[in-house]
file run.cif (mmCIF, C-alpha atoms)
data_data
#
loop_
_atom_site.label_atom_id
_atom_site.label_comp_id
_atom_site.auth_asym_id
_atom_site.auth_seq_id
_atom_site.Cartn_x
_atom_site.Cartn_y
_atom_site.Cartn_z
CA MET A 1 8.16 -15.41 80.30
CA LYS A 2 11.51 -14.60 78.74
CA ASN A 3 11.25 -17.68 76.56
CA LYS A 4 7.85 -16.57 75.36
CA TRP A 5 9.20 -13.12 74.35
CA LYS A 6 12.12 -14.77 72.52
CA LEU A 7 9.76 -17.00 70.60
CA LEU A 8 7.53 -14.02 69.71
CA LEU A 9 10.52 -11.91 68.56
CA SER A 10 11.78 -14.78 66.42
CA ALA A 11 8.35 -15.16 64.79
CA ILE A 12 8.25 -11.42 63.99
CA LEU A 13 11.69 -11.55 62.36
CA VAL A 14 10.75 -14.56 60.24
CA VAL A 15 7.53 -12.88 59.06
CA GLY A 16 9.49 -9.72 58.20
CA LEU A 17 12.05 -11.66 56.20
CA LEU A 18 9.36 -13.56 54.30
CA ALA A 19 7.52 -10.32 53.53
CA GLY A 20 10.72 -8.83 52.16
CA CYS A 21 11.29 -11.84 49.92
CA GLY A 22 7.66 -11.74 48.76
CA SER A 23 7.94 -8.08 47.82
CA GLY A 24 10.99 -8.73 45.64
CA GLY A 25 9.29 -11.66 43.91
CA GLY A 26 6.17 -9.60 43.21
CA SER A 27 8.20 -6.90 41.49
CA SER A 28 9.89 -9.39 39.17
CA SER A 29 6.59 -11.04 38.39
CA GLY A 30 5.03 -7.70 37.47
CA SER A 31 7.85 -6.94 35.07
CA ALA A 32 7.51 -10.29 33.36
CA ASN A 33 3.74 -10.10 32.95
CA SER A 34 3.29 -6.52 31.72
CA GLY A 35 4.97 -6.89 28.37
CA ASP A 36 2.35 -4.92 26.40
CA SER A 37 1.98 -1.93 28.72
CA GLY A 38 4.50 0.19 26.83
CA LYS A 39 5.97 1.47 30.13
CA THR A 40 9.12 0.74 32.06
CA ASP A 41 9.09 -0.96 35.47
CA THR A 42 10.24 0.63 38.69
CA GLY A 43 13.56 -1.15 38.48
CA GLY A 44 14.41 0.62 35.21
CA LYS A 45 14.40 -2.49 33.08
CA ALA A 46 13.38 -2.03 29.44
CA GLN A 47 9.84 -3.08 28.64
CA THR A 48 9.35 -5.37 25.62
CA VAL A 49 6.52 -4.56 23.21
CA ASN A 50 5.60 -6.72 20.24
CA LEU A 51 4.19 -4.65 17.39
CA LYS A 52 2.51 -6.14 14.33
CA VAL A 53 2.86 -3.98 11.21
CA PHE A 54 1.17 -4.76 7.86
CA ILE A 55 2.32 -2.86 4.74
CA ALA A 56 1.49 -4.11 1.25
CA GLN A 57 4.63 -2.78 -0.46
CA PRO A 58 7.14 -5.63 -0.55
CA ARG A 59 9.27 -3.88 -3.16
CA PHE A 60 10.23 -1.33 -0.48
CA LYS A 61 11.19 -3.87 2.18
CA GLU A 62 14.77 -2.61 2.43
CA GLN A 63 13.66 0.97 3.07
CA TYR A 64 11.00 0.00 5.62
CA ASP A 65 13.37 -2.34 7.44
CA LYS A 66 15.87 0.48 7.87
CA TYR A 67 13.29 3.03 8.99
CA ILE A 68 11.71 0.64 11.47
CA ALA A 69 15.17 -0.16 12.85
CA ASP A 70 15.70 3.58 13.39
CA PHE A 71 12.31 3.77 15.14
CA ILE A 72 13.24 0.85 17.40
CA ALA A 73 16.49 2.59 18.36
CA LYS A 74 14.60 5.82 19.09
CA GLN A 75 12.07 4.02 21.33
CA LYS A 76 14.91 2.38 23.26
CA ALA A 77 16.85 5.60 23.70
CA GLU A 78 13.94 7.89 24.58
CA LYS A 79 11.47 5.58 26.35
CA ASN A 80 13.52 2.53 27.33
CA ILE A 81 11.13 0.29 25.38
CA ASP A 82 12.39 -2.72 23.45
CA VAL A 83 10.10 -2.85 20.41
CA LYS A 84 9.94 -6.10 18.47
CA VAL A 85 8.33 -5.42 15.09
CA GLN A 86 6.72 -8.21 13.10
CA LEU A 87 6.59 -6.69 9.60
CA GLU A 88 4.22 -8.39 7.15
CA MET A 89 4.50 -7.29 3.50
CA PRO A 90 2.15 -9.21 1.16
CA ASN A 91 1.86 -8.21 -2.48
CA ALA A 92 -0.88 -5.84 -3.60
CA ASP A 93 -3.02 -8.59 -5.14
CA ASN A 94 -3.33 -10.61 -1.92
CA ALA A 95 -3.11 -7.89 0.69
CA PRO A 96 -6.73 -6.61 0.70
CA GLN A 97 -8.23 -10.03 1.38
CA ILE A 98 -5.59 -10.95 3.96
CA LEU A 99 -6.16 -7.69 5.83
CA LYS A 100 -9.96 -7.90 5.74
CA THR A 101 -9.82 -11.46 7.08
CA ARG A 102 -7.51 -10.38 9.90
CA LEU A 103 -9.69 -7.43 10.82
CA ALA A 104 -12.92 -9.46 10.74
CA SER A 105 -11.42 -12.20 12.93
CA ASN A 106 -10.21 -9.78 15.64
CA ASP A 107 -6.59 -10.35 14.65
CA ALA A 108 -5.91 -6.81 13.50
CA PRO A 109 -2.30 -5.64 13.04
CA ASP A 110 -1.40 -2.75 15.33
CA VAL A 111 -0.49 -0.62 12.31
CA PHE A 112 -1.63 -1.39 8.76
CA SER A 113 -1.63 0.15 5.31
CA LEU A 114 -4.76 0.95 3.32
CA HIS A 115 -5.73 2.99 0.27
CA ALA A 116 -6.94 6.40 1.39
CA VAL A 117 -9.47 6.92 -1.41
CA ASN A 118 -10.72 3.36 -1.91
CA GLU A 119 -10.74 1.92 1.59
CA VAL A 120 -10.97 4.61 4.27
CA PRO A 121 -14.79 5.04 4.07
CA THR A 122 -15.50 1.30 4.38
CA PHE A 123 -12.90 0.66 7.09
CA TYR A 124 -14.06 3.67 9.11
CA LYS A 125 -17.71 2.58 9.04
CA ALA A 126 -16.66 -0.91 10.16
CA GLY A 127 -14.86 0.58 13.19
CA TYR A 128 -11.37 -0.46 12.10
CA LEU A 129 -9.70 2.97 12.24
CA GLU A 130 -8.39 4.82 15.28
CA ASP A 131 -9.09 8.57 15.36
CA LEU A 132 -5.67 10.19 14.87
CA SER A 133 -6.87 13.80 14.76
CA SER A 134 -4.98 14.80 17.92
CA GLN A 135 -1.66 13.25 16.87
CA PRO A 136 1.36 15.53 16.27
CA PHE A 137 1.80 14.49 12.61
CA VAL A 138 -1.54 16.06 11.66
CA ASP A 139 -0.26 19.65 11.95
CA LYS A 140 2.62 18.79 9.60
CA LEU A 141 0.41 17.69 6.70
CA LEU A 142 0.10 20.02 3.73
CA ASP A 143 -3.36 21.53 3.33
CA SER A 144 -3.73 19.87 -0.06
CA VAL A 145 -3.11 16.41 1.45
CA LYS A 146 -5.00 16.43 4.76
CA PRO A 147 -8.53 16.05 3.24
CA SER A 148 -7.55 12.75 1.58
CA VAL A 149 -7.00 11.07 4.97
CA THR A 150 -9.93 12.79 6.67
CA TYR A 151 -13.31 11.13 7.06
CA ASP A 152 -16.28 12.22 9.17
CA ASP A 153 -14.16 15.24 10.18
CA LYS A 154 -11.51 12.95 11.66
CA VAL A 155 -7.96 12.29 10.45
CA VAL A 156 -7.78 8.49 10.36
CA ALA A 157 -4.42 7.75 8.68
CA VAL A 158 -0.98 9.14 8.00
CA PRO A 159 -0.42 9.38 4.22
CA LEU A 160 2.64 7.91 2.55
CA GLU A 161 2.01 8.24 -1.18
CA THR A 162 0.45 11.18 -2.94
CA LEU A 163 0.25 10.49 -6.64
CA SER A 164 0.06 12.41 -9.89
CA TRP A 165 -0.04 9.79 -12.60
CA GLY A 166 -1.24 8.61 -16.00
CA TYR A 167 1.41 6.56 -17.80
CA LEU A 168 5.21 6.51 -17.96
CA TYR A 169 7.14 7.22 -21.15
CA ASN A 170 10.79 7.02 -22.18
CA LYS A 171 11.82 10.62 -22.85
CA GLN A 172 14.94 9.65 -24.78
CA ILE A 173 12.98 7.50 -27.25
CA PHE A 174 10.35 10.21 -27.69
CA SER A 175 13.02 12.87 -28.20
CA ASP A 176 14.98 10.78 -30.71
CA LEU A 177 11.85 10.34 -32.85
CA GLY A 178 10.56 13.87 -32.41
CA LEU A 179 7.51 12.68 -30.47
CA THR A 180 5.54 14.45 -27.75
CA PRO A 181 2.92 12.95 -25.42
CA PRO A 182 -0.34 12.72 -27.40
CA ALA A 183 -3.43 14.70 -26.42
CA THR A 184 -6.02 12.45 -28.11
CA LEU A 185 -6.55 8.79 -28.91
CA THR A 186 -5.94 9.48 -32.62
CA GLU A 187 -2.63 11.12 -31.76
CA MET A 188 -1.72 8.13 -29.59
CA LYS A 189 -2.37 5.81 -32.55
CA ALA A 190 0.03 7.96 -34.61
CA VAL A 191 2.68 7.70 -31.88
CA VAL A 192 2.24 3.93 -31.82
CA GLU A 193 2.74 3.69 -35.59
CA LYS A 194 5.84 5.91 -35.49
CA LEU A 195 7.39 3.72 -32.81
CA LYS A 196 6.63 0.54 -34.73
CA GLU A 197 8.12 2.01 -37.93
CA ASN A 198 11.35 2.41 -35.96
CA ASN A 199 11.22 -1.14 -34.56
CA ILE A 200 10.37 0.02 -31.04
CA THR A 201 7.65 -1.76 -29.08
CA PRO A 202 5.15 0.92 -27.99
CA PHE A 203 4.05 -0.51 -24.62
CA VAL A 204 5.44 -2.66 -21.84
CA LEU A 205 2.74 -5.13 -20.73
CA SER A 206 2.91 -6.64 -17.24
CA TYR A 207 -0.38 -8.28 -16.32
CA GLN A 208 0.71 -11.12 -14.03
CA GLU A 209 -0.58 -9.14 -11.04
CA ALA A 210 -4.24 -8.18 -11.42
CA TRP A 211 -3.82 -4.76 -9.81
CA ILE A 212 -1.81 -3.55 -12.81
CA PRO A 213 -4.40 -3.93 -15.60
CA GLN A 214 -7.01 -2.52 -13.21
CA LEU A 215 -5.19 0.82 -13.51
CA PHE A 216 -7.12 1.38 -16.73
CA LEU A 217 -10.34 1.71 -14.72
CA PRO A 218 -9.60 4.80 -12.58
CA LEU A 219 -7.94 6.46 -15.58
CA ALA A 220 -11.00 5.92 -17.79
CA VAL A 221 -13.67 6.54 -15.17
CA GLY A 222 -11.89 9.61 -13.83
CA ALA A 223 -11.50 11.18 -17.26
CA LEU A 224 -15.06 10.41 -18.37
CA THR A 225 -16.69 11.58 -15.14
CA GLU A 226 -14.68 14.79 -15.37
CA THR A 227 -15.98 15.53 -18.86
CA ASP A 228 -19.08 13.66 -20.08
CA ASN A 229 -20.59 11.70 -17.18
CA SER A 230 -20.10 13.63 -13.95
CA ASP A 231 -22.63 11.76 -11.79
CA PHE A 232 -21.60 8.22 -12.81
CA VAL A 233 -19.91 7.28 -9.52
CA ASP A 234 -22.75 8.67 -7.39
CA ARG A 235 -25.30 6.75 -9.46
CA MET A 236 -23.32 3.53 -9.12
CA TYR A 237 -23.41 3.86 -5.34
CA SER A 238 -27.21 4.20 -5.68
CA ASP A 239 -27.58 1.22 -8.06
CA ASN A 240 -28.67 3.62 -10.81
CA GLY A 241 -25.76 3.29 -13.22
CA SER A 242 -23.98 0.72 -15.35
CA PHE A 243 -20.47 0.20 -16.62
CA SER A 244 -21.94 -0.06 -20.10
CA GLU A 245 -21.60 3.74 -19.95
CA MET A 246 -17.82 3.22 -19.75
CA LYS A 247 -17.52 0.83 -22.68
CA SER A 248 -15.43 3.32 -24.65
CA MET A 249 -12.51 2.60 -22.29
CA PHE A 250 -11.81 -0.53 -24.33
CA GLU A 251 -10.53 1.62 -27.20
CA ILE A 252 -7.35 2.54 -25.35
CA ILE A 253 -7.15 -0.89 -23.68
CA ASP A 254 -7.29 -2.64 -27.06
CA LEU A 255 -4.69 -0.27 -28.54
CA VAL A 256 -2.26 -0.95 -25.69
CA ASN A 257 -2.85 -4.71 -25.70
CA ALA A 258 -2.29 -4.99 -29.45
CA ASN A 259 1.01 -3.10 -29.34
CA GLY A 260 2.85 -4.39 -26.31
CA THR A 261 5.61 -6.71 -25.18
CA ASP A 262 5.15 -10.49 -25.17
CA LYS A 263 3.86 -12.86 -22.49
CA ALA A 264 2.08 -10.14 -20.51
CA LEU A 265 0.39 -12.55 -18.14
CA GLU A 266 3.79 -13.93 -17.10
CA VAL A 267 5.33 -10.51 -16.40
CA SER A 268 5.17 -9.08 -12.86
CA GLY A 269 5.36 -5.45 -11.89
CA ASP A 270 9.04 -5.72 -11.02
CA ASP A 271 9.72 -7.47 -14.32
CA GLY A 272 7.79 -4.72 -16.11
CA ALA A 273 9.88 -2.07 -14.38
CA ALA A 274 13.07 -3.82 -15.52
CA ALA A 275 11.75 -4.07 -19.09
CA PHE A 276 10.80 -0.39 -19.15
CA ALA A 277 14.17 0.57 -17.67
CA ALA A 278 15.91 -1.43 -20.40
CA GLY A 279 13.98 0.35 -23.16
CA LYS A 280 12.00 -2.74 -24.23
CA GLY A 281 8.91 -0.57 -24.52
CA ALA A 282 8.50 3.18 -24.95
CA MET A 283 5.49 3.49 -22.62
CA TRP A 284 4.08 1.69 -19.59
CA ILE A 285 0.58 2.09 -18.15
CA GLN A 286 1.90 2.52 -14.64
CA GLY A 287 2.46 5.15 -12.00
CA PRO A 288 5.59 6.85 -10.67
CA TRP A 289 5.39 4.69 -7.53
CA TYR A 290 7.66 2.35 -9.50
CA ALA A 291 10.33 5.04 -9.88
CA GLU A 292 12.66 3.54 -7.27
CA THR A 293 12.50 0.08 -8.88
CA ILE A 294 13.00 1.48 -12.39
CA LEU A 295 16.01 3.57 -11.42
CA LYS A 296 17.55 0.67 -9.53
CA SER A 297 17.67 -1.16 -12.88
CA ASN A 298 18.79 1.86 -14.88
CA PRO A 299 19.85 4.96 -12.87
CA ASP A 300 20.36 6.95 -16.07
CA LEU A 301 16.87 6.43 -17.52
CA ASP A 302 15.11 9.67 -18.40
CA PHE A 303 11.38 9.04 -18.08
CA GLY A 304 8.32 11.21 -17.68
CA VAL A 305 4.67 11.11 -16.67
CA ALA A 306 1.84 12.05 -19.03
CA PRO A 307 -1.97 11.76 -19.03
CA LEU A 308 -3.46 8.83 -20.95
CA PRO A 309 -5.78 9.70 -23.88
CA ILE A 310 -8.98 7.63 -23.80
CA ASN A 311 -10.88 9.27 -26.66
CA ASP A 312 -10.55 12.16 -29.09
CA ASN A 313 -11.61 14.83 -26.61
CA PRO A 314 -8.37 16.50 -25.46
CA ASP A 315 -10.23 17.80 -22.39
CA ALA A 316 -10.50 14.18 -21.20
CA THR A 317 -6.73 13.60 -21.32
CA LEU A 318 -6.03 14.26 -17.66
CA ILE A 319 -3.66 13.46 -14.82
CA ASN A 320 -5.04 11.41 -11.91
CA LEU A 321 -4.49 13.02 -8.50
CA SER A 322 -4.72 10.70 -5.51
CA THR A 323 -3.47 9.72 -2.08
CA SER A 324 -3.02 5.99 -2.00
CA THR A 325 -0.96 4.05 0.55
CA SER A 326 -1.55 5.37 4.07
CA LEU A 327 -0.99 3.93 7.55
CA ALA A 328 -3.76 3.46 10.11
CA VAL A 329 -3.82 2.28 13.73
CA SER A 330 -6.21 -0.38 14.96
CA PRO A 331 -8.54 0.79 17.78
CA THR A 332 -8.12 -2.67 19.36
CA SER A 333 -4.32 -2.52 19.50
CA LYS A 334 -2.91 -3.65 22.85
CA ASN A 335 0.19 -1.57 22.12
CA LYS A 336 -1.51 1.65 21.04
CA GLU A 337 1.04 4.00 22.61
CA VAL A 338 3.87 2.51 20.58
CA ALA A 339 1.68 2.17 17.47
CA LEU A 340 0.89 5.88 17.66
CA ASP A 341 4.58 6.64 18.12
CA LEU A 342 5.30 4.73 14.90
CA VAL A 343 2.75 6.57 12.74
CA ASN A 344 4.03 9.88 14.10
CA TYR A 345 7.60 8.82 13.31
CA ILE A 346 6.60 8.51 9.64
CA LEU A 347 6.65 12.32 9.59
CA ASP A 348 9.53 12.75 12.03
CA GLU A 349 11.15 16.20 11.99
CA ASN A 350 14.65 14.79 11.43
CA ASP A 351 14.29 11.44 9.69
CA SER A 352 11.19 11.60 7.44
CA ASN A 353 12.84 13.68 4.72
CA ALA A 354 15.47 11.04 3.89
CA PHE A 355 12.90 8.23 4.24
CA PHE A 356 10.53 9.72 1.65
CA GLN A 357 13.44 10.46 -0.66
CA SER A 358 14.59 6.84 -0.48
CA LEU A 359 11.09 5.68 -1.47
CA LYS A 360 10.92 8.25 -4.30
CA PHE A 361 7.62 9.48 -2.84
CA ASN A 362 6.32 13.03 -3.19
CA PRO A 363 6.70 15.65 -0.44
CA LEU A 364 3.45 15.81 1.54
CA ALA A 365 4.32 17.51 4.82
CA THR A 366 6.10 20.62 6.08
CA VAL A 367 9.03 18.46 7.20
CA HIS A 368 9.73 17.51 3.58
CA THR A 369 12.18 19.96 2.07
CA PHE A 370 13.66 17.83 -0.72
CA ASP A 371 13.26 18.88 -4.35
CA SER A 372 10.51 17.21 -6.38
CA TYR A 373 11.62 14.62 -8.91
CA PRO A 374 11.56 15.38 -12.66
CA TRP A 375 8.62 13.05 -13.33
CA VAL A 376 6.68 14.76 -10.52
CA ASN A 377 7.37 18.11 -12.13
CA ASP A 378 6.05 16.75 -15.45
CA ALA A 379 2.73 15.83 -13.88
CA THR A 380 2.59 19.08 -11.92
CA GLU A 381 2.70 21.09 -15.14
CA TYR A 382 -0.49 19.37 -16.28
CA VAL A 383 -2.10 19.97 -12.90
CA LYS A 384 -1.20 23.66 -13.00
CA ALA A 385 -2.81 23.86 -16.45
CA GLY A 386 -6.06 22.46 -15.03
CA LYS A 387 -5.63 19.09 -16.74
CA SER A 388 -6.25 16.79 -13.77
CA TYR A 389 -8.98 15.18 -11.68
CA GLN A 390 -9.32 13.69 -8.21
CA ASP A 391 -9.14 9.90 -8.12
CA PRO A 392 -12.74 8.59 -8.38
CA ARG A 393 -14.18 6.81 -5.32
CA ILE A 394 -14.34 3.32 -6.83
CA PRO A 395 -14.72 0.52 -4.21
CA GLN A 396 -11.67 -1.71 -3.89
CA ALA A 397 -13.87 -4.75 -4.57
CA VAL A 398 -14.71 -3.33 -8.00
CA LYS A 399 -11.06 -2.59 -8.76
CA ASP A 400 -10.16 -6.14 -7.78
CA GLU A 401 -12.85 -7.44 -10.15
CA VAL A 402 -11.71 -5.34 -13.11
CA GLY A 403 -8.11 -6.47 -12.60
CA LYS A 404 -9.10 -10.12 -12.88
CA GLY A 405 -11.55 -9.33 -15.68
CA LEU A 406 -8.95 -7.54 -17.80
CA GLN A 407 -6.52 -10.40 -17.32
CA SER A 408 -9.21 -12.73 -18.67
CA TYR A 409 -10.08 -10.26 -21.44
CA PHE A 410 -6.44 -10.14 -22.52
CA ALA A 411 -6.41 -13.96 -22.57
CA LYS A 412 -9.62 -13.88 -24.67
CA GLN A 413 -11.53 -15.73 -21.95
CA MET A 414 -13.98 -12.87 -21.37
CA SER A 415 -15.67 -10.44 -23.75
CA GLN A 416 -16.08 -6.71 -23.17
CA GLU A 417 -19.68 -7.32 -22.12
CA ASP A 418 -18.57 -10.04 -19.68
CA VAL A 419 -16.15 -7.63 -18.01
CA LEU A 420 -18.70 -4.81 -17.82
CA ASN A 421 -21.38 -7.11 -16.37
CA ALA A 422 -18.92 -8.42 -13.77
CA LEU A 423 -18.15 -4.85 -12.71
CA ASP A 424 -21.83 -4.00 -12.36
CA LYS A 425 -22.35 -7.05 -10.20
CA ALA A 426 -19.30 -6.31 -8.04
CA TRP A 427 -20.50 -2.77 -7.33
CA LYS A 428 -24.06 -3.91 -6.54
CA ASP A 429 -22.70 -6.58 -4.22
CA PHE A 430 -20.61 -3.93 -2.51
CA ASN A 431 -23.68 -1.72 -2.06
CA LYS A 432 -25.65 -4.58 -0.47
CA VAL A 433 -22.95 -5.27 2.08
CA ASN A 434 -22.37 -1.60 2.91
CA LYS A 435 -25.93 -0.26 3.16
#

call {"tool": "encode", "arguments": {"input": "run.cif", "output": "structure tokens"}}
result
Amino acid sequence: MKNKWKLLLSAILVVGLLAGCGSGGGSSSGSANSGDSGKTDTGGKAQTVNLKVFIAQPRFKEQYDKYIADFIAKQKAEKNIDVKVQLEMPNADNAPQILKTRLASNDAPDVFSLHAVNEVPTFYKAGYLEDLSSQPFVDKLLDSVKPSVTYDDKVVAVPLETLSWGYLYNKQIFSDLGLTPPATLTEMKAVVEKLKENNITPFVLSYQEAWIPQLFLPLAVGALTETDNSDFVDRMYSDNGSFSEMKSMFEIIDLVNANGTDKALEVSGDDGAAAFAAGKGAMWIQGPWYAETILKSNPDLDFGVAPLPINDNPDATLINLSTSTSLAVSPTSKNKEVALDLVNYILDENDSNAFFQSLKFNPLATVHTFDSYPWVNDATEYVKAGKSYQDPRIPQAVKDEVGKGLQSYFAKQMSQEDVLNALDKAWKDFNKVNK
């Protein structure tokens, strides 16, 4: 009998020891297999989260790398999460197609950039945007900015760039020649002649990237819809309009093309910024989003922003107001907690101010206390005088088409009619897909 009890006691001890070993193994296994939960394990070990971030602004890689590194340190210190960020930064020409392909193939980045005006409606209807309305950053947005990232009464992105733009001009050159920004197309022609008389090239041309010549389109359409053709955009969405109504935009396009720097189709945006910074052209059809790149080449350059004349009606010479690059979160993200932390960190109480300053972006939230830049103040004066318009809701597919079309037009491979017909087709194709 005693032997039986000894055998039974031994069996109980063995089972207990095995159970203890099994419990320890299960804990380690759980830690290893829960890498995307965004939480720490019971043993206090840091959880690893892999976050995919897609931002189509490669010229700001240095600034984003630093800010993301600060975010990673904050996550580690406050939540004991090791965040590994895979940052993808394609150029603006390729980014829209890359992103759409990723989204359509269920390979969405956790956080991705998009254009607030051009892309939010389409992306929202396709189900690609997380509702961010309850996130802490929302209450920090300025009242003038919040509507631009709101759709269907939901805030769906955190804005990065708010823009007041037309074209850039070299203030020193203008001052030396006694010139002021022209209010009409005829006055612009006079400015061009004065510059040429003094052996100064009027315009920097940089058309290697199609998104740059496409800037003519929102400038022309915005000005014309604000003055002479107010329902144009609405009619285009209803297949009841035509870009033949916008043919007059070629007057300013032709003037710029005929009086610019050489080899435009070989000059990138960064190259154009360097040329403008070096004074190789007095004006550049470009926005102040290139300020950081320009000043990196020439910190002492004094440049301003002015509205582009498109005809001889001074009421149509207006500043474009827009919110462009914004960050959204994918509803299918497996790391949504950390993705939401990142978009909130964009408007962090302590760190956002310096981040936006480093990018030369405009203040857009209550946490931004830095002074506006001189070129921002230039544009603001026009806005205060009522000489501005909201960026027209032109589909990105149409903007992509006009960029390629104007490259071909510059190369004399397409006529004005060819470009206008291509734009009509692009908008009708967009309407078919998005009915």

call {"tool": "resolve_selection", "arguments": {"input": "run.cif", "expression": "the PyMOL selection byres ((chain A and resi 334) around 12)", "output": "list of chain:residue names"}}
result
A:Ser34, A:Gly35, A:Asp36, A:Ser37, A:Gly38, A:Val49, A:Asn50, A:Leu51, A:Lys52, A:Asn106, A:Asp107, A:Ala108, A:Pro109, A:Asp110, A:Val111, A:Val329, A:Ser330, A:Pro331, A:Thr332, A:Ser333, A:Asn335, A:Lys336, A:Glu337, A:Val338, A:Ala339, A:Leu340

call {"tool": "atom_distance", "arguments": {"input": "run.cif", "atom1": "atom CA of A:Tyr124", "atom2": "atom CA of A:Val145"}}
result
18.5 Å

call {"tool": "atom_distance", "arguments": {"input": "run.cif", "atom1": "atom CA of A:Gln357", "atom2": "atom CA of A:Trp165"}}
result
18.0 Å

call {"tool": "residues_around", "arguments": {"input": "run.cif", "residues": "A:Phe303", "least_positions_apart": "3", "cutoff": "8 Å", "atoms": "all atoms listed in the file", "output": "list in words"}}
result
Leu168, Tyr169, Asn170, Lys171, Gln172 and Trp375 of chain A

call {"tool": "resolve_selection", "arguments": {"input": "run.cif", "expression": "the PyMOL selection byres ((chain A and resi 157-161) around 9)", "output": "PyMOL selection string"}}
result
chain A and resi 113-114+116+120+129-133+137-138+141+145-146+148-150+155-156+162-163+289+322-329+343-344+346-347+356+361-364

call {"tool": "write_last_selection", "arguments": {"input": "run.cif", "atoms": "C-alpha atoms", "output": "PDB file, keeping the file's coordinate frame"}}
result
ATOM      1  CA  SER A 113      -1.630   0.150   5.310  1.00  0.00           C
ATOM      2  CA  LEU A 114      -4.760   0.950   3.320  1.00  0.00           C
ATOM      3  CA  ALA A 116      -6.940   6.400   1.390  1.00  0.00           C
ATOM      4  CA  VAL A 120     -10.970   4.610   4.270  1.00  0.00           C
ATOM      5  CA  LEU A 129      -9.700   2.970  12.240  1.00  0.00           C
ATOM      6  CA  GLU A 130      -8.390   4.820  15.280  1.00  0.00           C
ATOM      7  CA  ASP A 131      -9.090   8.570  15.360  1.00  0.00           C
ATOM      8  CA  LEU A 132      -5.670  10.190  14.870  1.00  0.00           C
ATOM      9  CA  SER A 133      -6.870  13.800  14.760  1.00  0.00           C
ATOM     10  CA  PHE A 137       1.800  14.490  12.610  1.00  0.00           C
ATOM     11  CA  VAL A 138      -1.540  16.060  11.660  1.00  0.00           C
ATOM     12  CA  LEU A 141       0.410  17.690   6.700  1.00  0.00           C
ATOM     13  CA  VAL A 145      -3.110  16.410   1.450  1.00  0.00           C
ATOM     14  CA  LYS A 146      -5.000  16.430   4.760  1.00  0.00           C
ATOM     15  CA  SER A 148      -7.550  12.750   1.580  1.00  0.00           C
ATOM     16  CA  VAL A 149      -7.000  11.070   4.970  1.00  0.00           C
ATOM     17  CA  THR A 150      -9.930  12.790   6.670  1.00  0.00           C
ATOM     18  CA  VAL A 155      -7.960  12.290  10.450  1.00  0.00           C
ATOM     19  CA  VAL A 156      -7.780   8.490  10.360  1.00  0.00           C
ATOM     20  CA  THR A 162       0.450  11.180  -2.940  1.00  0.00           C
ATOM     21  CA  LEU A 163       0.250  10.490  -6.640  1.00  0.00           C
ATOM     22  CA  TRP A 289       5.390   4.690  -7.530  1.00  0.00           C
ATOM     23  CA  SER A 322      -4.720  10.700  -5.510  1.00  0.00           C
ATOM     24  CA  THR A 323      -3.470   9.720  -2.080  1.00  0.00           C
ATOM     25  CA  SER A 324      -3.020   5.990  -2.000  1.00  0.00           C
ATOM     26  CA  THR A 325      -0.960   4.050   0.550  1.00  0.00           C
ATOM     27  CA  SER A 326      -1.550   5.370   4.070  1.00  0.00           C
ATOM     28  CA  LEU A 327      -0.990   3.930   7.550  1.00  0.00           C
ATOM     29  CA  ALA A 328      -3.760   3.460  10.110  1.00  0.00           C
ATOM     30  CA  VAL A 329      -3.820   2.280  13.730  1.00  0.00           C
ATOM     31  CA  VAL A 343       2.750   6.570  12.740  1.00  0.00           C
ATOM     32  CA  ASN A 344       4.030   9.880  14.100  1.00  0.00           C
ATOM     33  CA  ILE A 346       6.600   8.510   9.640  1.00  0.00           C
ATOM     34  CA  LEU A 347       6.650  12.320   9.590  1.00  0.00           C
ATOM     35  CA  PHE A 356      10.530   9.720   1.650  1.00  0.00           C
ATOM     36  CA  PHE A 361       7.620   9.480  -2.840  1.00  0.00           C
ATOM     37  CA  ASN A 362       6.320  13.030  -3.190  1.00  0.00           C
ATOM     38  CA  PRO A 363       6.700  15.650  -0.440  1.00  0.00           C
ATOM     39  CA  LEU A 364       3.450  15.810   1.540  1.00  0.00           C
TER      40      LEU A 364
END

call {"tool": "closest_residue", "arguments": {"input": "run.cif", "among": "A:Phe232, A:Tyr207, A:Phe174, A:Phe123", "to": "A:Asp302", "atoms": "all atoms listed in the file"}}
result
A:Phe174

call {"tool": "atom_distance", "arguments": {"input": "run.cif", "atom1": "atom CA of A:Val204", "atom2": "atom CA of A:Asn94"}}
result
23.2 Å

call {"tool": "closest_residue", "arguments": {"input": "run.cif", "among": "A:Thr201, A:Thr369, A:Gln57, A:Thr225", "to": "A:Asp270", "atoms": "only C-alpha atoms"}}
result
A:Gln57

call {"tool": "resolve_selection", "arguments": {"input": "run.cif", "expression": "the PyMOL selection byres ((chain A and resi 73-84) around 7)", "output": "list in words"}}
result
Gly38, Thr40, Ala46, Gln47, Thr48, Val49, Asn50, Leu51, Ala69, Asp70, Phe71, Ile72, Val85 and Gln86 of chain A

call {"tool": "write_last_selection", "arguments": {"input": "run.cif", "atoms": "C-alpha atoms", "output": "short mmCIF file (atom, residue, chain, number, x, y, z; two decimals), in the frame of the given file"}}
result
data_model
loop_
_atom_site.label_atom_id
_atom_site.label_comp_id
_atom_site.auth_asym_id
_atom_site.auth_seq_id
_atom_site.Cartn_x
_atom_site.Cartn_y
_atom_site.Cartn_z
CA GLY A 38 4.50 0.19 26.83
CA THR A 40 9.12 0.74 32.06
CA ALA A 46 13.38 -2.03 29.44
CA GLN A 47 9.84 -3.08 28.64
CA THR A 48 9.35 -5.37 25.62
CA VAL A 49 6.52 -4.56 23.21
CA ASN A 50 5.60 -6.72 20.24
CA LEU A 51 4.19 -4.65 17.39
CA ALA A 69 15.17 -0.16 12.85
CA ASP A 70 15.70 3.58 13.39
CA PHE A 71 12.31 3.77 15.14
CA ILE A 72 13.24 0.85 17.40
CA VAL A 85 8.33 -5.42 15.09
CA GLN A 86 6.72 -8.21 13.10
#
